[in-house]
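J.: Provided below: query.txt, containing compact mmCIF, C-alpha atoms and all ligand atoms.
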```txt
# COMPACT_ATOMS: atom_id res chain seq x y z
CA LEU A 128 -2.77 -17.20 -53.14
CA GLU A 129 -2.34 -15.49 -49.82
CA LEU A 130 -5.74 -13.79 -50.04
CA LEU A 131 -7.43 -17.14 -49.48
CA ASN A 132 -5.84 -17.37 -46.04
CA HIS A 133 -7.14 -14.01 -44.95
CA THR A 134 -9.47 -14.18 -42.05
CA ASN A 135 -9.68 -10.39 -41.70
CA ASP A 136 -10.32 -10.88 -38.01
CA LEU A 137 -8.43 -7.67 -37.20
CA ALA A 138 -10.51 -5.48 -39.52
CA GLY A 139 -11.38 -2.26 -37.68
CA GLU A 140 -8.40 -2.55 -35.35
CA VAL A 141 -5.63 0.04 -35.36
CA VAL A 142 -2.52 -1.78 -34.18
CA LEU A 143 0.43 0.30 -33.01
CA VAL A 144 3.61 -1.80 -33.03
CA THR A 145 7.01 -0.68 -31.76
CA ALA A 146 10.06 -2.55 -33.03
CA GLY A 147 13.86 -2.56 -33.06
CA GLY A 148 16.27 -1.37 -30.41
CA THR A 149 16.46 2.29 -29.47
CA ARG A 150 19.89 3.93 -29.33
CA GLU A 151 21.29 6.58 -27.01
CA ALA A 152 24.25 8.57 -28.27
CA LEU A 153 27.41 8.84 -26.17
CA ASP A 154 29.22 11.05 -28.65
CA PRO A 155 28.78 11.85 -32.36
CA VAL A 156 29.83 8.34 -33.43
CA ARG A 157 28.92 5.98 -30.57
CA TYR A 158 25.74 4.86 -28.89
CA ILE A 159 24.35 2.51 -26.25
CA GLY A 160 22.15 -0.04 -27.96
CA ASN A 161 21.02 -3.63 -27.67
CA ARG A 162 20.78 -6.84 -29.68
CA SER A 163 17.23 -6.43 -30.96
CA SER A 164 17.00 -7.13 -34.72
CA GLY A 165 13.42 -5.87 -35.05
CA LYS A 166 12.30 -9.18 -36.60
CA MET A 167 9.61 -9.95 -34.02
CA GLY A 168 8.08 -6.47 -34.20
CA TYR A 169 8.14 -6.45 -38.02
CA ALA A 170 6.55 -9.92 -38.07
CA LEU A 171 3.75 -8.61 -35.82
CA ALA A 172 3.22 -5.58 -38.05
CA TYR A 173 3.13 -7.83 -41.13
CA ALA A 174 0.69 -10.29 -39.57
CA ALA A 175 -1.62 -7.57 -38.23
CA GLN A 176 -1.99 -5.78 -41.59
CA ARG A 177 -2.48 -9.12 -43.36
CA ARG A 178 -5.37 -9.82 -41.00
CA GLY A 179 -7.06 -6.52 -41.84
CA ALA A 180 -5.76 -4.09 -39.22
CA ARG A 181 -4.47 -0.62 -39.92
CA VAL A 182 -0.88 -0.75 -38.66
CA ILE A 183 1.30 2.05 -37.32
CA LEU A 184 4.88 0.75 -37.03
CA ILE A 185 7.09 2.92 -34.84
CA THR A 186 10.57 1.59 -35.43
CA ALA A 187 14.05 2.13 -34.08
CA PRO A 188 16.86 1.40 -36.59
CA THR A 189 16.86 -2.15 -38.05
CA ALA A 190 18.34 -3.78 -41.16
CA LEU A 191 14.85 -4.86 -42.30
CA HIS A 192 12.48 -3.63 -45.00
CA PRO A 193 9.24 -2.51 -43.40
CA PRO A 194 6.27 -4.71 -44.25
CA PRO A 195 3.88 -3.39 -46.93
CA ASN A 196 0.73 -1.45 -46.02
CA CYS A 197 2.08 -0.16 -42.72
CA GLU A 198 2.46 3.44 -41.76
CA VAL A 199 6.12 3.64 -40.72
CA VAL A 200 7.46 6.16 -38.21
CA SER A 201 11.27 5.98 -37.83
CA VAL A 202 12.87 6.98 -34.55
CA VAL A 203 16.30 6.51 -32.96
CA THR A 204 16.20 7.34 -29.26
CA THR A 205 13.89 6.23 -26.45
CA GLY A 206 12.67 9.81 -26.08
CA GLN A 207 11.72 9.95 -29.78
CA MET A 208 9.96 6.59 -29.53
CA ARG A 209 8.07 7.77 -26.46
CA ASP A 210 6.92 10.97 -28.19
CA ALA A 211 5.85 9.08 -31.33
CA VAL A 212 3.96 6.44 -29.35
CA VAL A 213 2.18 8.97 -27.11
CA SER A 214 1.16 11.11 -30.09
CA ARG A 215 -0.29 8.13 -32.02
CA LEU A 216 -1.83 6.41 -28.98
CA PRO A 217 -5.28 8.03 -29.31
CA GLU A 218 -5.76 6.27 -32.69
CA ALA A 219 -4.73 2.83 -31.46
CA THR A 220 -7.04 0.02 -30.40
CA MET A 221 -4.08 -2.25 -29.63
CA VAL A 222 -0.49 -1.40 -28.69
CA ILE A 223 2.23 -4.03 -29.00
CA LYS A 224 5.54 -2.94 -27.51
CA ALA A 225 7.99 -5.34 -29.14
CA ALA A 226 10.79 -2.74 -29.16
CA ALA A 227 13.84 -3.28 -26.99
CA VAL A 228 14.14 0.08 -25.36
CA ALA A 229 17.54 1.40 -24.24
CA ASP A 230 17.23 1.64 -20.46
CA TYR A 231 19.89 4.29 -19.90
CA ARG A 232 21.18 7.35 -21.66
CA ALA A 233 24.20 9.55 -21.05
CA ILE A 234 23.47 12.42 -18.67
CA SER A 235 25.32 14.63 -21.11
CA MET A 236 26.39 13.74 -24.64
CA ALA A 237 29.97 14.59 -25.60
CA ASP A 238 29.90 16.99 -28.55
CA GLN A 239 33.23 15.67 -29.82
CA LYS A 240 34.32 12.07 -30.27
CA LEU A 241 35.54 10.65 -26.95
CA LYS A 242 39.24 9.85 -27.13
CA ARG A 243 40.53 6.47 -26.06
CA SER A 244 42.84 7.03 -23.10
CA GLY A 245 42.67 4.92 -19.97
CA PRO A 246 39.57 3.85 -18.07
CA LEU A 247 36.32 5.65 -18.88
CA THR A 248 33.41 6.19 -16.52
CA LEU A 249 30.07 7.07 -18.08
CA GLN A 250 27.32 8.82 -16.15
CA LEU A 251 23.97 7.44 -17.20
CA GLU A 252 20.38 8.11 -16.26
CA PRO A 253 17.35 5.85 -16.80
CA THR A 254 15.07 6.53 -19.77
CA ALA A 255 11.29 6.94 -19.51
CA ASP A 256 9.22 3.74 -19.31
CA ILE A 257 7.07 3.98 -22.44
CA LEU A 258 5.02 0.87 -21.72
CA ALA A 259 4.01 2.03 -18.23
CA GLU A 260 3.08 5.46 -19.57
CA VAL A 261 1.01 3.98 -22.41
CA ALA A 262 -0.82 1.67 -20.02
CA SER A 263 -1.81 4.61 -17.82
CA LEU A 264 -2.68 7.03 -20.68
CA ARG A 265 -4.73 4.67 -22.86
CA LYS A 266 -8.42 5.08 -23.43
CA PRO A 267 -10.68 2.28 -22.16
CA GLY A 268 -10.74 -0.74 -24.45
CA THR A 269 -7.23 -0.23 -25.85
CA LEU A 270 -5.22 -3.42 -25.40
CA VAL A 271 -1.63 -3.01 -24.24
CA ILE A 272 0.80 -5.88 -24.79
CA GLY A 273 4.40 -5.67 -23.61
CA PHE A 274 7.42 -7.87 -24.16
CA ALA A 275 10.03 -9.00 -21.68
CA ALA A 276 13.35 -10.69 -22.31
CA GLU A 277 14.63 -12.50 -19.26
CA THR A 278 17.63 -14.70 -18.57
CA GLU A 279 16.47 -16.17 -15.21
CA ASP A 280 13.31 -16.62 -13.08
CA HIS A 281 11.22 -15.80 -16.16
CA LEU A 282 7.75 -16.18 -14.71
CA THR A 283 8.53 -14.23 -11.55
CA HIS A 284 10.12 -11.32 -13.44
CA GLY A 285 7.44 -11.46 -16.13
CA ARG A 286 4.55 -11.31 -13.66
CA ASP A 287 6.27 -8.52 -11.79
CA LYS A 288 6.61 -6.49 -15.01
CA LEU A 289 2.99 -7.16 -15.97
CA LEU A 290 1.74 -5.76 -12.66
CA ARG A 291 4.27 -2.95 -12.35
CA LYS A 292 3.64 -1.60 -15.85
CA GLY A 293 -0.11 -2.22 -15.95
CA ALA A 294 -0.08 -4.03 -19.31
CA ASP A 295 -2.84 -6.52 -20.25
CA ALA A 296 -0.26 -9.14 -21.21
CA ILE A 297 3.47 -9.68 -21.44
CA VAL A 298 5.10 -11.80 -24.12
CA LEU A 299 7.90 -13.41 -22.20
CA ASN A 300 11.06 -14.56 -23.99
CA ASP A 301 13.71 -16.72 -22.42
CA VAL A 302 16.80 -15.18 -24.02
CA SER A 303 19.13 -17.70 -22.39
CA ARG A 304 17.90 -20.38 -24.83
CA GLU A 305 20.32 -21.00 -27.72
CA GLY A 306 19.39 -20.56 -31.37
CA ILE A 307 16.15 -18.64 -30.82
CA GLY A 308 15.32 -15.05 -29.97
CA PHE A 309 17.85 -12.33 -30.84
CA ASP A 310 18.54 -12.14 -34.58
CA SER A 311 17.04 -15.57 -35.14
CA ASP A 312 14.02 -16.17 -37.41
CA ARG A 313 12.60 -18.42 -34.71
CA ASN A 314 11.39 -17.78 -31.22
CA ALA A 315 9.36 -19.25 -28.36
CA ALA A 316 7.44 -17.34 -25.71
CA THR A 317 5.03 -17.44 -22.81
CA PHE A 318 1.95 -15.26 -23.21
CA LEU A 319 1.42 -14.03 -19.68
CA THR A 320 -1.73 -12.41 -18.30
CA LYS A 321 -2.78 -11.91 -14.69
CA GLN A 322 -4.73 -15.17 -14.84
CA THR A 323 -2.88 -17.32 -17.35
CA ALA A 324 0.50 -18.37 -18.73
CA ILE A 325 0.11 -19.76 -22.25
CA GLU A 326 3.17 -21.56 -23.66
CA LEU A 327 3.90 -20.74 -27.30
CA PRO A 328 6.50 -23.34 -28.31
CA GLU A 329 9.40 -22.69 -30.69
CA MET A 330 8.20 -21.67 -34.15
CA SER A 331 9.01 -19.09 -36.83
CA LYS A 332 8.61 -15.45 -35.78
CA ARG A 333 5.94 -15.15 -38.51
CA ASP A 334 3.87 -17.94 -36.92
CA LEU A 335 4.56 -16.66 -33.43
CA ALA A 336 3.28 -13.22 -34.48
CA ASP A 337 -0.04 -14.77 -35.51
CA ARG A 338 -0.27 -16.74 -32.25
CA ILE A 339 0.41 -13.57 -30.22
CA LEU A 340 -2.33 -11.74 -32.15
CA ASP A 341 -4.70 -14.69 -31.54
CA GLU A 342 -4.11 -14.46 -27.81
CA ALA A 343 -4.34 -10.67 -27.84
CA ILE A 344 -7.77 -10.59 -29.48
CA ALA A 345 -8.93 -13.42 -27.20
CA LEU A 346 -8.42 -10.95 -24.33
CA ARG A 347 -11.38 -8.95 -25.70
CA ARG A 348 -13.75 -11.89 -25.23
CA PRO A 349 -15.53 -12.06 -21.90
CA GLN A 350 -13.63 -14.39 -19.59
CA SER A 351 -15.41 -17.60 -18.68
CA VAL A 352 -15.33 -18.23 -14.96
N1 LIG A 401 9.89 -0.72 -22.08
C1 LIG A 401 9.51 0.57 -22.33
N2 LIG A 401 10.30 1.62 -21.94
C2 LIG A 401 11.47 1.40 -21.29
C3 LIG A 401 11.89 0.08 -21.03
C4 LIG A 401 11.08 -0.97 -21.44
O1 LIG A 401 8.44 0.76 -22.90
N3 LIG A 401 12.23 2.43 -20.93
C5 LIG A 401 9.01 -1.80 -22.50
C6 LIG A 401 9.59 -2.71 -23.56
O2 LIG A 401 9.27 -2.25 -24.86
C7 LIG A 401 8.90 -4.02 -23.26
C8 LIG A 401 8.66 -3.97 -21.75
O3 LIG A 401 8.75 -2.59 -21.37
O4 LIG A 401 7.64 -4.12 -23.88
C9 LIG A 401 9.62 -4.76 -20.92
O5 LIG A 401 10.94 -4.40 -21.25
P1 LIG A 401 12.10 -4.86 -20.32
O6 LIG A 401 13.39 -4.32 -20.84
O7 LIG A 401 12.00 -6.33 -20.10
O8 LIG A 401 11.67 -4.11 -18.94
P2 LIG A 401 12.46 -3.16 -17.98
O9 LIG A 401 11.42 -2.50 -17.13
O10 LIG A 401 13.37 -2.26 -18.71
O11 LIG A 401 13.25 -4.17 -17.05
P3 LIG A 401 14.78 -4.72 -17.12
O12 LIG A 401 15.43 -4.05 -15.96
O13 LIG A 401 14.63 -6.20 -16.95
O14 LIG A 401 15.38 -4.33 -18.45
CA CA A 402 14.97 -2.98 -20.17
```
Can I see the file as structure tokens?
T.:
Amino acid sequence: LELLNHTNDLAGEVVLVTAGGTREALDPVRYIGNRSSGKMGYALAYAAQRRGARVILITAPTALHPPPNCEVVSVVTTGQMRDAVVSRLPEATMVIKAAAVADYRAISMADQKLKRSGPLTLQLEPTADILAEVASLRKPGTLVIGFAAETEDHLTHGRDKLLRKGADAIVLNDVSREGIGFDSDRNAATFLTKQTAIELPEMSKRDLADRILDEAIALRRPQSV
């Protein structure tokens, strides 16, 4: 009986989770996307509601069923995700940005299907950085947790992102490791704050979600010196 395992330690929290990979259209049938399956974000949403939080799940397209008891907002593009996140931000006490956001979009979308003929050059522009915007717009006391997928120099890039974006923590994934991460049901991560780097060894995404939430709420406790 799952109820017996409830600790309800997130009661009173409103957790805003973003999940999946945003998509930017190139023409009516094609888009720029990424390999995110949404599993990590959905596992976080599931774990947070199970522990008593109210959960707002803002999700880019995935092949997953949303967890029960979450308020689901479906989006496709980075711009739509940004607007949804900013409009729901005032309600949130914790924001977890597990989504893999498309970094570029076409400067202009073709209104007809692009025809295949010879080399093609696409003109792209960067999308808005939702995490950085959320970190600067949030009200005091709102926790902001980002994710970062890196293939090299993880700690250096992770720390750089943490400082540049102004998040309270970054969940750092080493995507060069085989068999975990993208599409897998398992993952490993480093929970990175300005002061600490906590290793979360390989485990199921369900368990990892609970460990990430443990570390997130620990950030609310006064730091011992
Ligand atoms: N992120 C975001 N908006 C973007 C890009 C990223 O909110 N336009 C968020 C992601 O949801 C994630 C964090 O920022 O929580 C880090 O994403 P990542 O792709 O690692 O960072 P980038 O700044 O895009 O750096 P990179 O050039 O390595 O892709
Ligand atoms: Ca990126």
J.: Neighbours of region 184-192 of chain A within 9 Å (only C-alpha atoms; same-chain residues fewer than 3 positions away dropped), as a short mmCIF file (atom, residue, chain, number, x, y, z; two decimals) with C-alpha atoms, keeping the file's coordinate frame?
T.:
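Saved to out.cif:
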```
data_model
loop_
_atom_site.label_atom_id
_atom_site.label_comp_id
_atom_site.auth_asym_id
_atom_site.auth_seq_id
_atom_site.Cartn_x
_atom_site.Cartn_y
_atom_site.Cartn_z
CA VAL A 142 -2.52 -1.78 -34.18
CA LEU A 143 0.43 0.30 -33.01
CA VAL A 144 3.61 -1.80 -33.03
CA THR A 145 7.01 -0.68 -31.76
CA ALA A 146 10.06 -2.55 -33.03
CA GLY A 147 13.86 -2.56 -33.06
CA GLY A 148 16.27 -1.37 -30.41
CA THR A 149 16.46 2.29 -29.47
CA ARG A 150 19.89 3.93 -29.33
CA SER A 163 17.23 -6.43 -30.96
CA SER A 164 17.00 -7.13 -34.72
CA GLY A 165 13.42 -5.87 -35.05
CA LYS A 166 12.30 -9.18 -36.60
CA GLY A 168 8.08 -6.47 -34.20
CA TYR A 169 8.14 -6.45 -38.02
CA ALA A 172 3.22 -5.58 -38.05
CA PRO A 195 3.88 -3.39 -46.93
CA CYS A 197 2.08 -0.16 -42.72
CA GLU A 198 2.46 3.44 -41.76
CA VAL A 199 6.12 3.64 -40.72
CA VAL A 200 7.46 6.16 -38.21
CA SER A 201 11.27 5.98 -37.83
CA VAL A 202 12.87 6.98 -34.55
CA VAL A 203 16.30 6.51 -32.96
CA THR A 204 16.20 7.34 -29.26
CA THR A 205 13.89 6.23 -26.45
CA MET A 208 9.96 6.59 -29.53
CA ALA A 211 5.85 9.08 -31.33
CA VAL A 212 3.96 6.44 -29.35
CA ALA A 226 10.79 -2.74 -29.16
CA ALA A 227 13.84 -3.28 -26.99
CA VAL A 228 14.14 0.08 -25.36
#
```
J.: From the list A:Ile344, A:Ala237, A:Ala316, A:Ala152, which residue is nearest Thr269 (chain A) when using all atoms listed in the file?
T.: A:Ile344
J.: What does the list of residues within 8 Å of ligand LIG 401 (chain A) look like if you count all atoms listed in the file, written as a count of residues only?
T.: 31
J.: Can you tell me, as JSON, the centre and edge lengths (Å, one decimal) of the axis-aligned box enclosing all of region 260-268 of chain A's listed atoms after padding each side by 6 Å?
T.:
```
{"center_x": -3.8, "center_y": 3.1, "center_z": -21.1, "size_x": 25.8, "size_y": 19.8, "size_z": 18.6}
```
J.: In Å to one decimal, how far is CA of Thr278 (chain A) from CA of Ala345 (chain A)?
T.: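 Between these atoms lies a distance of 28.0 Å.
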J.: Quick check, in Å to one decimal: how far apart do CA of Leu327 (chain A) and CA of Tyr173 (chain A) lie?
T.: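 Atom-to-atom, CA of Leu327 (chain A) and CA of Tyr173 (chain A) are spaced 18.9 Å apart.
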J.: Can you work out which one of A:Gly268, A:Pro349, A:Pro246, A:Gly160 has the shortest atom-to-atom distance to ligand CA 402 (chain A), counting all atoms listed in the file?
T.: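 Closest to ligand CA 402 (chain A) of all the choices is A:Gly160.
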J.: When you draw a straight line from CA of Leu335 (chain A) to CA of Ala175 (chain A), how long is it in Å?
T.: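 Going from CA of Leu335 (chain A) over to CA of Ala175 (chain A) covers 12.0 Å.
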J.: Tell me, as a VMD selection string, which residues lie within 12 Å of Pro267 (chain A), counting only C-alpha atoms; anything in the same chain fewer than 4 positions away does not count.
T.: chain A and resid 216 to 217 219 to 221 261 to 263 271 295 347
J.: Excluding same-chain residues fewer than 4 positions from Gln250 (chain A), what lies within 8 Å of it counting all atoms listed in the file, as a ChimeraX atom specification?
T.: /A:233-235
J.: Would you mind telling me which residue in A:Lys266, A:Arg338, A:Asn161, A:Glu279 lies nearest to ligand CA 402 (chain A) when using only C-alpha atoms and all ligand atoms?
T.: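 Checking each candidate against ligand CA 402 (chain A), we get A:Asn161 as the closest.
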J.: Measuring atom to atom with all atoms listed in the file, identify which of A:Asp310, A:Arg162, A:Leu282, A:Gly245 is nearest to ligand CA 402 (chain A).
T.: A:Arg162
